[in-house]
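The structure file final06.pdb is reproduced below (PDB, C-alpha atoms).
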MODEL        1
ATOM      1  CA  MET A1081       7.947  -5.126 -21.967
ATOM      2  CA  ILE A1082       6.602  -2.450 -19.605
ATOM      3  CA  VAL A1083       8.886   0.593 -19.439
ATOM      4  CA  VAL A1084       8.989   2.788 -16.339
ATOM      5  CA  ALA A1085      10.356   6.289 -16.925
ATOM      6  CA  GLY A1086      11.327   8.574 -14.059
ATOM      7  CA  GLU A1087      13.633   9.253 -11.175
ATOM      8  CA  ALA A1088      15.655   6.952  -8.959
ATOM      9  CA  LEU A1089      16.871   8.477  -5.712
ATOM     10  CA  ILE A1090      17.956   7.735  -2.170
ATOM     11  CA  ASP A1091      15.574   8.169   0.748
ATOM     12  CA  LEU A1092      17.090   9.026   4.103
ATOM     13  CA  VAL A1093      14.674   7.363   6.510
ATOM     14  CA  PRO A1094      14.689   8.404  10.210
ATOM     15  CA  GLN A1095      15.372   5.621  12.680
ATOM     16  CA  GLY A1096      13.852   7.483  15.604
ATOM     17  CA  THR A1097      12.050  10.685  16.557
ATOM     18  CA  GLY A1098      13.243  14.265  16.490
ATOM     19  CA  ALA A1099      15.132  16.408  13.999
ATOM     20  CA  LEU A1100      18.489  14.771  14.781
ATOM     21  CA  ALA A1101      17.371  11.138  14.608
ATOM     22  CA  GLY A1102      19.707   8.827  12.734
ATOM     23  CA  LEU A1103      18.999   8.453   9.018
ATOM     24  CA  LYS A1104      19.221   5.213   7.074
ATOM     25  CA  PRO A1105      19.701   5.375   3.282
ATOM     26  CA  ALA A1106      17.117   3.441   1.276
ATOM     27  CA  LEU A1107      16.580   2.923  -2.440
ATOM     28  CA  GLY A1108      13.613   4.904  -3.699
ATOM     29  CA  GLY A1109      11.780   7.206  -6.054
ATOM     30  CA  GLY A1110       8.199   6.600  -7.204
ATOM     31  CA  PRO A1111       9.096   5.318 -10.697
ATOM     32  CA  TYR A1112      11.978   3.285  -9.269
ATOM     33  CA  ASN A1113       9.645   1.566  -6.810
ATOM     34  CA  THR A1114       7.141   0.903  -9.586
ATOM     35  CA  ALA A1115       9.829  -0.758 -11.716
ATOM     36  CA  VAL A1116      11.005  -2.927  -8.816
ATOM     37  CA  ALA A1117       7.403  -3.934  -8.028
ATOM     38  CA  LEU A1118       6.743  -4.887 -11.664
ATOM     39  CA  GLY A1119       9.911  -6.968 -11.750
ATOM     40  CA  ARG A1120       8.979  -8.771  -8.545
ATOM     41  CA  LEU A1121       5.518  -9.525  -9.898
ATOM     42  CA  GLY A1122       7.132 -11.124 -12.922
ATOM     43  CA  SER A1123       6.387  -8.574 -15.650
ATOM     44  CA  PRO A1124       9.169  -8.009 -18.193
ATOM     45  CA  THR A1125      10.244  -4.494 -17.207
ATOM     46  CA  ALA A1126      12.759  -1.870 -18.319
ATOM     47  CA  PHE A1127      13.777   1.308 -16.489
ATOM     48  CA  CYS A1128      14.359   4.552 -18.409
ATOM     49  CA  SER A1129      16.124   7.186 -16.323
ATOM     50  CA  ARG A1130      19.478   8.797 -15.556
ATOM     51  CA  THR A1131      21.551   7.797 -12.533
ATOM     52  CA  SER A1132      24.836   8.858 -11.003
ATOM     53  CA  TYR A1133      28.113   7.006 -11.186
ATOM     54  CA  ASP A1134      28.403   7.488  -7.414
ATOM     55  CA  ALA A1135      27.930   4.665  -4.907
ATOM     56  CA  PHE A1136      24.222   5.451  -4.472
ATOM     57  CA  GLY A1137      23.711   5.284  -8.229
ATOM     58  CA  GLU A1138      25.383   1.885  -8.374
ATOM     59  CA  ALA A1139      23.217   0.634  -5.511
ATOM     60  CA  LEU A1140      20.075   1.803  -7.310
ATOM     61  CA  LEU A1141      21.036  -0.107 -10.450
ATOM     62  CA  ASP A1142      21.877  -3.200  -8.383
ATOM     63  CA  GLY A1143      18.389  -3.091  -6.850
ATOM     64  CA  LEU A1144      16.775  -2.969 -10.276
ATOM     65  CA  ARG A1145      18.889  -5.835 -11.595
ATOM     66  CA  ALA A1146      18.047  -7.944  -8.555
ATOM     67  CA  ALA A1147      14.343  -7.463  -9.343
ATOM     68  CA  GLY A1148      14.933  -8.597 -12.922
ATOM     69  CA  VAL A1149      14.549  -5.119 -14.436
ATOM     70  CA  ASP A1150      16.374  -4.283 -17.679
ATOM     71  CA  VAL A1151      18.632  -1.246 -17.071
ATOM     72  CA  SER A1152      20.117  -0.934 -20.560
ATOM     73  CA  ALA A1153      18.094   2.269 -21.172
ATOM     74  CA  VAL A1154      19.445   4.007 -18.041
ATOM     75  CA  GLN A1155      21.655   7.013 -18.766
ATOM     76  CA  ARG A1156      24.579   7.809 -16.455
ATOM     77  CA  GLY A1157      26.227  10.992 -15.203
ATOM     78  CA  ILE A1158      28.929  12.222 -12.821
ATOM     79  CA  GLU A1159      26.478  14.407 -10.880
ATOM     80  CA  PRO A1160      25.385  13.231  -7.401
ATOM     81  CA  THR A1161      22.258  11.191  -6.670
ATOM     82  CA  THR A1162      19.116  13.019  -5.547
ATOM     83  CA  LEU A1163      18.355  12.701  -1.834
ATOM     84  CA  ALA A1164      14.921  12.704  -0.164
ATOM     85  CA  VAL A1165      14.674  13.051   3.612
ATOM     86  CA  ALA A1166      11.586  11.239   4.889
ATOM     87  CA  THR A1167       9.539  12.004   7.980
ATOM     88  CA  ILE A1168       7.091   9.341   9.200
ATOM     89  CA  ASP A1169       4.052  10.422  11.229
ATOM     90  CA  ASP A1170       2.261   8.384  13.897
ATOM     91  CA  LYS A1171      -0.049   6.835  11.261
ATOM     92  CA  GLY A1172       2.835   5.610   9.118
ATOM     93  CA  SER A1173       2.407   8.254   6.402
ATOM     94  CA  ALA A1174       5.565   9.726   4.920
ATOM     95  CA  ALA A1175       6.428  13.332   4.013
ATOM     96  CA  TYR A1176       9.604  14.340   2.184
ATOM     97  CA  SER A1177      12.072  17.168   1.735
ATOM     98  CA  PHE A1178      14.375  16.954  -1.282
ATOM     99  CA  TYR A1179      17.965  17.771  -2.219
ATOM    100  CA  VAL A1180      17.798  18.032  -5.999
ATOM    101  CA  GLU A1181      20.051  20.821  -7.240
ATOM    102  CA  GLY A1182      22.637  19.629  -9.761
ATOM    103  CA  THR A1183      21.713  15.966  -9.401
ATOM    104  CA  ALA A1184      22.034  13.282 -12.057
ATOM    105  CA  ASP A1185      18.416  12.251 -12.587
ATOM    106  CA  ARG A1186      17.102  15.698 -13.504
ATOM    107  CA  LEU A1187      19.475  15.869 -16.504
ATOM    108  CA  PHE A1188      17.670  13.022 -18.301
ATOM    109  CA  THR A1189      17.352  13.446 -22.075
ATOM    110  CA  ALA A1190      14.628  11.828 -24.175
ATOM    111  CA  PRO A1191      15.900   8.682 -25.951
ATOM    112  CA  ALA A1192      15.545   8.284 -29.697
ATOM    113  CA  GLU A1193      13.407   5.176 -29.170
ATOM    114  CA  LEU A1194      11.866   3.020 -26.465
ATOM    115  CA  PRO A1195      13.364  -0.345 -25.499
ATOM    116  CA  ALA A1196      12.472  -3.104 -27.951
ATOM    117  CA  GLY A1197       9.069  -4.681 -27.352
ATOM    118  CA  ALA A1198       7.705  -1.803 -25.239
ATOM    119  CA  ARG A1199       3.933  -2.209 -24.805
ATOM    120  CA  ALA A1200       3.423   0.400 -22.088
ATOM    121  CA  VAL A1201       5.289   3.316 -20.484
ATOM    122  CA  SER A1202       4.668   4.583 -16.954
ATOM    123  CA  PHE A1203       5.460   8.171 -15.857
ATOM    124  CA  GLY A1204       5.212  10.219 -12.681
ATOM    125  CA  THR A1205       6.422  11.938  -9.526
ATOM    126  CA  CYS A1206       9.437  14.291  -9.314
ATOM    127  CA  SER A1207      10.663  13.534 -12.819
ATOM    128  CA  LEU A1208       7.744  15.512 -14.293
ATOM    129  CA  VAL A1209       8.528  18.553 -12.133
ATOM    130  CA  LEU A1210      12.290  19.097 -12.176
ATOM    131  CA  GLU A1211      13.721  20.713 -15.295
ATOM    132  CA  PRO A1212      15.323  20.153 -17.698
ATOM    133  CA  GLY A1213      14.434  16.476 -17.274
ATOM    134  CA  ALA A1214      10.694  17.167 -16.897
ATOM    135  CA  SER A1215      10.450  18.452 -20.474
ATOM    136  CA  ALA A1216      12.380  15.402 -21.714
ATOM    137  CA  TYR A1217       9.990  12.994 -19.961
ATOM    138  CA  GLU A1218       7.060  14.986 -21.329
ATOM    139  CA  GLU A1219       8.530  14.641 -24.829
ATOM    140  CA  LEU A1220       8.866  10.890 -24.310
ATOM    141  CA  MET A1221       5.250  10.647 -23.103
ATOM    142  CA  ARG A1222       3.880  12.471 -26.131
ATOM    143  CA  SER A1223       6.082  10.482 -28.504
ATOM    144  CA  ALA A1224       5.023   7.148 -27.020
ATOM    145  CA  ALA A1225       1.343   8.086 -27.175
ATOM    146  CA  SER A1226       1.667   9.209 -30.809
ATOM    147  CA  GLN A1227       3.047   5.756 -31.648
ATOM    148  CA  GLY A1228       0.068   4.049 -30.014
ATOM    149  CA  VAL A1229       1.995   2.858 -26.933
ATOM    150  CA  PHE A1230      -0.099   2.545 -23.754
ATOM    151  CA  THR A1231       0.821   5.334 -21.314
ATOM    152  CA  ALA A1232       0.203   5.438 -17.560
ATOM    153  CA  LEU A1233       0.570   8.522 -15.368
ATOM    154  CA  ASP A1234       0.776   8.861 -11.577
ATOM    155  CA  PRO A1235       1.403  12.552 -10.704
ATOM    156  CA  ASN A1236       2.288  11.596  -7.080
ATOM    157  CA  ILE A1237       2.371  15.271  -6.097
ATOM    158  CA  ARG A1238       5.326  16.575  -4.078
ATOM    159  CA  ALA A1239       4.036  20.086  -3.410
ATOM    160  CA  GLY A1240       7.322  21.261  -1.906
ATOM    161  CA  LEU A1241       9.019  20.793  -5.263
ATOM    162  CA  ILE A1242       6.425  22.758  -7.258
ATOM    163  CA  PRO A1243       7.130  26.526  -7.131
ATOM    164  CA  ASP A1244       4.220  27.404  -9.469
ATOM    165  CA  PRO A1245       1.211  25.228  -8.540
ATOM    166  CA  ASP A1246      -1.133  26.785 -11.100
ATOM    167  CA  GLY A1247       1.472  26.364 -13.835
ATOM    168  CA  TYR A1248       1.883  22.706 -12.911
ATOM    169  CA  ARG A1249      -1.886  22.147 -12.899
ATOM    170  CA  ALA A1250      -2.097  23.587 -16.406
ATOM    171  CA  ARG A1251       0.771  21.375 -17.516
ATOM    172  CA  PHE A1252      -0.921  18.332 -15.991
ATOM    173  CA  LYS A1253      -4.031  19.026 -18.056
ATOM    174  CA  SER A1254      -1.868  19.292 -21.188
ATOM    175  CA  TRP A1255      -0.595  15.730 -20.609
ATOM    176  CA  LEU A1256      -4.027  14.121 -20.436
ATOM    177  CA  PRO A1257      -4.556  13.709 -24.214
ATOM    178  CA  SER A1258      -1.380  11.561 -24.190
ATOM    179  CA  VAL A1259      -2.429   9.392 -21.198
ATOM    180  CA  SER A1260      -4.209   6.033 -21.402
ATOM    181  CA  LEU A1261      -4.480   5.336 -17.632
ATOM    182  CA  LEU A1262      -4.401   8.026 -14.950
ATOM    183  CA  LYS A1263      -3.855   6.860 -11.387
ATOM    184  CA  LEU A1264      -3.703   9.244  -8.451
ATOM    185  CA  SER A1265      -4.414   9.426  -4.744
ATOM    186  CA  GLU A1266      -7.328  11.280  -3.175
ATOM    187  CA  GLU A1267      -4.834  13.829  -1.863
ATOM    188  CA  ASP A1268      -3.359  14.349  -5.330
ATOM    189  CA  ALA A1269      -6.826  14.724  -6.844
ATOM    190  CA  LEU A1270      -7.740  17.378  -4.280
ATOM    191  CA  TRP A1271      -4.494  19.284  -4.892
ATOM    192  CA  LEU A1272      -4.863  19.170  -8.685
ATOM    193  CA  GLY A1273      -8.556  20.085  -8.765
ATOM    194  CA  GLY A1274     -11.066  18.738 -11.234
ATOM    195  CA  THR A1275     -12.959  15.445 -11.280
ATOM    196  CA  PRO A1276     -12.404  12.003 -12.817
ATOM    197  CA  ARG A1277     -15.083  12.745 -15.411
ATOM    198  CA  GLU A1278     -13.360  15.979 -16.425
ATOM    199  CA  TRP A1279     -10.030  14.178 -16.742
ATOM    200  CA  LEU A1280     -11.591  11.349 -18.760
ATOM    201  CA  ALA A1281     -13.081  13.862 -21.181
ATOM    202  CA  ALA A1282      -9.569  15.227 -21.770
ATOM    203  CA  GLY A1283      -8.026  11.937 -22.883
ATOM    204  CA  PRO A1284      -7.529   8.948 -20.545
ATOM    205  CA  SER A1285      -9.675   5.844 -20.982
ATOM    206  CA  ALA A1286      -9.654   5.154 -17.236
ATOM    207  CA  VAL A1287      -8.906   6.966 -13.981
ATOM    208  CA  VAL A1288      -8.087   5.058 -10.782
ATOM    209  CA  ILE A1289      -8.269   6.890  -7.441
ATOM    210  CA  THR A1290      -6.589   5.376  -4.383
ATOM    211  CA  GLN A1291      -8.279   6.084  -1.062
ATOM    212  CA  GLY A1292      -5.768   4.749   1.439
ATOM    213  CA  GLY A1293      -7.235   2.015   3.599
ATOM    214  CA  GLU A1294     -10.677   2.593   2.084
ATOM    215  CA  GLY A1295      -9.635   0.988  -1.210
ATOM    216  CA  LEU A1296      -9.623   1.981  -4.878
ATOM    217  CA  THR A1297     -12.165   3.287  -7.379
ATOM    218  CA  ALA A1298     -11.922   3.098 -11.167
ATOM    219  CA  PHE A1299     -13.791   5.448 -13.496
ATOM    220  CA  THR A1300     -14.016   4.635 -17.206
ATOM    221  CA  ARG A1301     -14.975   6.619 -20.268
ATOM    222  CA  ASP A1302     -18.203   4.648 -20.721
ATOM    223  CA  GLY A1303     -19.530   6.178 -17.493
ATOM    224  CA  ALA A1304     -18.916   3.153 -15.259
ATOM    225  CA  GLU A1305     -17.585   3.470 -11.701
ATOM    226  CA  ARG A1306     -16.227   0.435  -9.842
ATOM    227  CA  SER A1307     -14.781   0.221  -6.329
ATOM    228  CA  VAL A1308     -13.128  -2.346  -4.061
ATOM    229  CA  ALA A1309     -12.372  -2.099  -0.362
ATOM    230  CA  GLY A1310      -8.835  -2.061   0.967
ATOM    231  CA  GLU A1311      -7.271  -5.106   2.619
ATOM    232  CA  GLU A1312      -7.128  -4.889   6.414
ATOM    233  CA  VAL A1313      -3.525  -4.928   7.596
ATOM    234  CA  ASP A1314      -1.420  -3.646  10.474
ATOM    235  CA  VAL A1315       0.218  -0.691   8.749
ATOM    236  CA  VAL A1316       3.935  -0.233   9.400
ATOM    237  CA  ASP A1317       4.182   2.636   6.903
ATOM    238  CA  THR A1318       2.679   3.591   3.550
ATOM    239  CA  ILE A1319       5.949   4.181   1.690
ATOM    240  CA  GLY A1320       5.674   2.713  -1.798
ATOM    241  CA  ALA A1321       2.012   1.725  -1.547
ATOM    242  CA  GLY A1322       0.924   3.897  -4.450
ATOM    243  CA  ASP A1323       3.871   2.749  -6.536
ATOM    244  CA  THR A1324       2.859  -0.844  -5.854
ATOM    245  CA  VAL A1325      -0.661  -0.021  -7.053
ATOM    246  CA  ASN A1326       0.825   1.359 -10.282
ATOM    247  CA  ALA A1327       2.755  -1.842 -10.851
ATOM    248  CA  ALA A1328      -0.144  -4.128  -9.947
ATOM    249  CA  LEU A1329      -2.493  -2.294 -12.309
ATOM    250  CA  LEU A1330      -0.054  -2.550 -15.213
ATOM    251  CA  HIS A1331       0.791  -6.171 -14.418
ATOM    252  CA  GLY A1332      -2.896  -7.100 -14.194
ATOM    253  CA  LEU A1333      -3.767  -5.277 -17.404
ATOM    254  CA  ALA A1334      -0.974  -7.083 -19.215
ATOM    255  CA  ALA A1335      -2.249 -10.410 -17.837
ATOM    256  CA  GLN A1336      -5.669  -9.646 -19.320
ATOM    257  CA  GLY A1337      -4.262  -8.463 -22.652
ATOM    258  CA  ALA A1338      -5.671  -5.021 -21.871
ATOM    259  CA  LEU A1339      -2.742  -2.683 -22.451
ATOM    260  CA  SER A1340      -4.655  -0.491 -24.869
ATOM    261  CA  ALA A1341      -7.013   2.431 -24.447
ATOM    262  CA  GLU A1342      -9.871   0.507 -26.024
ATOM    263  CA  ALA A1343      -9.346  -2.591 -23.881
ATOM    264  CA  LEU A1344      -9.542  -0.539 -20.676
ATOM    265  CA  VAL A1345     -13.140   0.345 -21.374
ATOM    266  CA  GLY A1346     -13.924  -3.196 -22.474
ATOM    267  CA  LEU A1347     -12.713  -4.885 -19.269
ATOM    268  CA  GLY A1348     -16.197  -4.920 -17.781
ATOM    269  CA  ALA A1349     -17.195  -5.228 -14.134
ATOM    270  CA  ASP A1350     -15.485  -8.583 -13.503
ATOM    271  CA  GLY A1351     -12.221  -7.554 -15.112
ATOM    272  CA  TRP A1352     -12.010  -4.289 -13.206
ATOM    273  CA  THR A1353     -12.957  -5.913  -9.909
ATOM    274  CA  ARG A1354     -10.220  -8.544 -10.258
ATOM    275  CA  LEU A1355      -7.711  -5.857 -11.221
ATOM    276  CA  LEU A1356      -8.537  -3.518  -8.340
ATOM    277  CA  ARG A1357      -8.569  -6.328  -5.767
ATOM    278  CA  PHE A1358      -5.179  -7.491  -6.987
ATOM    279  CA  ALA A1359      -3.813  -3.948  -6.647
ATOM    280  CA  ALA A1360      -5.328  -3.540  -3.168
ATOM    281  CA  ARG A1361      -3.826  -6.845  -2.038
ATOM    282  CA  ALA A1362      -0.366  -5.958  -3.346
ATOM    283  CA  ALA A1363      -0.452  -2.503  -1.720
ATOM    284  CA  ALA A1364      -1.562  -3.964   1.608
ATOM    285  CA  ILE A1365       1.476  -6.241   1.702
ATOM    286  CA  THR A1366       3.721  -3.248   1.009
ATOM    287  CA  CYS A1367       2.098  -1.307   3.870
ATOM    288  CA  SER A1368       2.612  -4.219   6.240
ATOM    289  CA  ARG A1369       6.400  -3.825   6.253
ATOM    290  CA  ALA A1370       8.903  -1.005   6.552
ATOM    291  CA  GLY A1371       9.817   0.987   3.474
ATOM    292  CA  ALA A1372       8.873   0.370  -0.136
ATOM    293  CA  GLU A1373       9.093  -3.418  -0.098
ATOM    294  CA  PRO A1374       6.606  -4.479  -2.797
ATOM    295  CA  PRO A1375       5.527  -8.121  -2.884
ATOM    296  CA  TYR A1376       6.863 -10.898  -5.033
ATOM    297  CA  ALA A1377       4.453 -12.878  -7.202
ATOM    298  CA  SER A1378       4.581 -15.761  -4.723
ATOM    299  CA  GLU A1379       3.280 -13.486  -1.944
ATOM    300  CA  VAL A1380       0.479 -11.657  -3.719
ATOM    301  CA  GLY A1381      -0.782 -14.738  -5.555
ATOM    302  CA  ASP A1382      -1.840 -15.118  -9.157
ATOM    303  CA  PHE A1383      -3.895 -12.414 -10.809
ATOM    304  CA  SER A1384      -7.111 -14.419 -11.092
ATOM    305  CA  GLY A1385      -7.590 -15.000  -7.398
ATOM    306  CA  GLY A1386      -4.471 -14.642  -5.354
ATOM    307  CA  VAL A1387      -3.517 -15.513  -1.824
ATOM    308  CA  PRO A1388      -5.816 -13.749   0.670
ATOM    309  CA  LEU A1389      -4.304 -11.992   3.651
ATOM    310  CA  GLY A1390      -7.141 -13.094   5.922
ATOM    311  CA  GLY A1391      -5.983 -15.459   8.639
ATOM    312  CA  VAL A1392      -2.292 -14.618   8.178
ATOM    313  CA  PRO A1393      -0.787 -12.324  10.824
ATOM    314  CA  VAL A1394       0.409  -9.404   8.749
ATOM    315  CA  HIS A1395       3.477  -8.803  10.880
ATOM    316  CA  SER A1396       4.646 -12.328  10.077
ATOM    317  CA  ILE A1397       5.067 -11.637   6.349
ATOM    318  CA  PRO A1398       8.851 -11.763   5.738
ATOM    319  CA  LEU A1399      10.496  -8.377   5.193
ATOM    320  CA  LEU A1400      12.144  -9.428   1.968
ATOM    321  CA  SER A1401      14.213  -7.072  -0.147
ATOM    322  CA  SER A1402      15.695  -7.897  -3.509
ATOM    323  CA  GLN A1403      18.756  -9.120  -1.645
ATOM    324  CA  GLY A1404      16.714 -11.072   0.913
ATOM    325  CA  SER A1405      17.301  -8.601   3.747
ATOM    326  CA  SER A1406      15.000  -6.134   5.481
ATOM    327  CA  GLN A1407      16.465  -3.003   3.923
ATOM    328  CA  PRO A1408      13.586  -0.595   3.173
ATOM    329  CA  GLN A1409      13.053   1.389   0.011
ATOM    330  CA  GLY A1410      10.868   4.451  -0.310
ATOM    331  CA  SER A1411       9.434   7.646  -1.816
ATOM    332  CA  GLY A1412       5.963   6.638  -2.886
ATOM    333  CA  ARG A1413       2.420   6.463  -1.652
TER     334      ARG A1413
ENDMDL
END
Translate this file's structure into structure tokens.
Amino acid sequence: MIVVAGEALIDLVPQGTGALAGLKPALGGGPYNTAVALGRLGSPTAFCSRTSYDAFGEALLDGLRAAGVDVSAVQRGIEPTTLAVATIDDKGSAAYSFYVEGTADRLFTAPAELPAGARAVSFGTCSLVLEPGASAYEELMRSAASQGVFTALDPNIRAGLIPDPDGYRARFKSWLPSVSLLKLSEEDALWLGGTPREWLAAGPSAVVITQGGEGLTAFTRDGAERSVAGEEVDVVDTIGAGDTVNAALLHGLAAQGALSAEALVGLGADGWTRLLRFAARAAAITCSRAGAEPPYASEVGDFSGGVPLGGVPVHSIPLLSSQGSSQPQGSGR
């Protein structure tokens, strides 16, 4: 079981240009997208969060269930669901403004124990910023690490939600001794400061940097550095691409029996290359369709080789949601 801990929210995605363009609600949140992607890839997955009893909260849980994700660890509350208003630029990149005051997900409390059979826990995004929930997720991260559970972290920086950037950067560094795998985008790395080697020295066994269409690079504690190019696709938008990378990395590590700090270093060149190519392929499919629509196992292919995108018109890949429609999801990169 891979546990994903963090927020679930509703993205309001513009359906046109201008400040008054119509907005379409879509299921989202970085951790939420990661959980859905893991479920679609076929990994046994549980979601650990807090959602509202309102209609949006029910829709979020329905989306998880449809992806095969266990929601028994999800807490509930009467507070409203967090809203994120997305803006898409001419390159398909998304920016967000958030409505978070008094919402259900930020009142998460740390559970007494992880779901049965938990082998890894993934953290990230807004849930590690907004108090009091941020401290509860931090407590869960440290507790899991102390029990020898594999921990993954994707900061997925939302600068508009961070009133004290230097304070957050210091807090980020304090998490690193409890992190097995650190994944972040080039933009996040620049905002946080530091280098992969500095972060590795603080705790993680591996750091993976996503570079948009240029691909991914993995740095490991033994000094190795391995890169793969991105898949060429016609990008519709990048919503959920980074969350899909998170899921693909965890799914691929589980497939190789490598959900441990020691095994990360021992993967070797072939193991890391297969893993990064799998993640790049999965993210490319997500970018080829609107919203955070991560691929199913049948689309991305098996971990060892997979189904190449070459020769298949990207725009012809079905826009499948968990209900078989084209409804987008969002809030990730």
Can you list, as a ChimeraX atom specification, the residues that the PyMOL selection byres ((chain A and resi 1255) around 10) selects here? /A:1218,1221-1222,1233,1250-1254,1256-1259,1282-1284
Polymer residues at most 9 Å from segment 1099-1115 of chain A, all atoms listed in the file, same-chain spacing of 5 or more positions, as an MDAnalysis selection string: chainID A and resid 1082:1094 1120 1125:1127 1136 1139:1140 1143:1144 1147 1149 1164:1166 1202:1207 1234 1236 1320 1322:1328 1371:1374 1407:1413
Would you work out the distance separating atom CA of Ala1370 of chain A from atom CA of Thr1318 of chain A, expressed in Å to one decimal? 8.3 Å
Please return the centre and edge lengths, in Å to one decimal, of a box with edges along x, y and z that contains all listed atoms of segment 1363-1375 of chain A, widened by 8 Å on every side, as AutoDock Vina command-line options.
--center_x 4.1 --center_y -3.6 --center_z 1.8 --size_x 27.4 --size_y 25.1 --size_z 25.4
Identify all residues satisfying the PyMOL selection byres ((chain A and resi 1375) around 9) in the given file; provide them as a ChimeraX atom specification. /A:1117,1120-1121,1324,1362-1363,1365-1366,1373-1374,1376-1380,1400
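Residues in contact with Thr1275 of chain A at up to 12 Å, not including ones fewer than 3 positions away on its chain and judged by all atoms listed in the file, are A:Lys1253, A:Leu1262, A:Leu1264, A:Glu1266, A:Asp1268, A:Ala1269, A:Leu1270, A:Trp1271, A:Leu1272, A:Glu1278, A:Trp1279, A:Leu1280, A:Ala1281, A:Ala1282, A:Val1287, A:Val1288, A:Ile1289, A:Phe1299.
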Looking at all atoms listed in the file, which of A:Ala1349, A:Ala1239, A:Arg1249, A:Ala1359 is the one that sits closest to Gly1274 of chain A? A:Arg1249
Translate the PyMOL selection byres ((chain A and resi 1223) around 12), as applied to the file shown, into an explicit residue set as an MDAnalysis selection string. chainID A and resid 1190:1194 1201 1216:1222 1224:1231 1255 1257:1259
What separation in Å, quoted to one decimal, exists between atom CA of Asp1302 of chain A and atom CA of Leu1344 of chain A? 10.1 Å
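Straight-line separation from atom CA of Leu1333 of chain A to atom CA of Glu1305 of chain A: 17.3 Å.
Neighbouring residues of Val1154 of chain A at 9 Å or closer, counting all atoms listed in the file and skipping chain neighbours under 5 positions away, are Ala1126, Phe1127, Cys1128, Ser1129, Arg1130, Thr1131 and Leu1141 of chain A.
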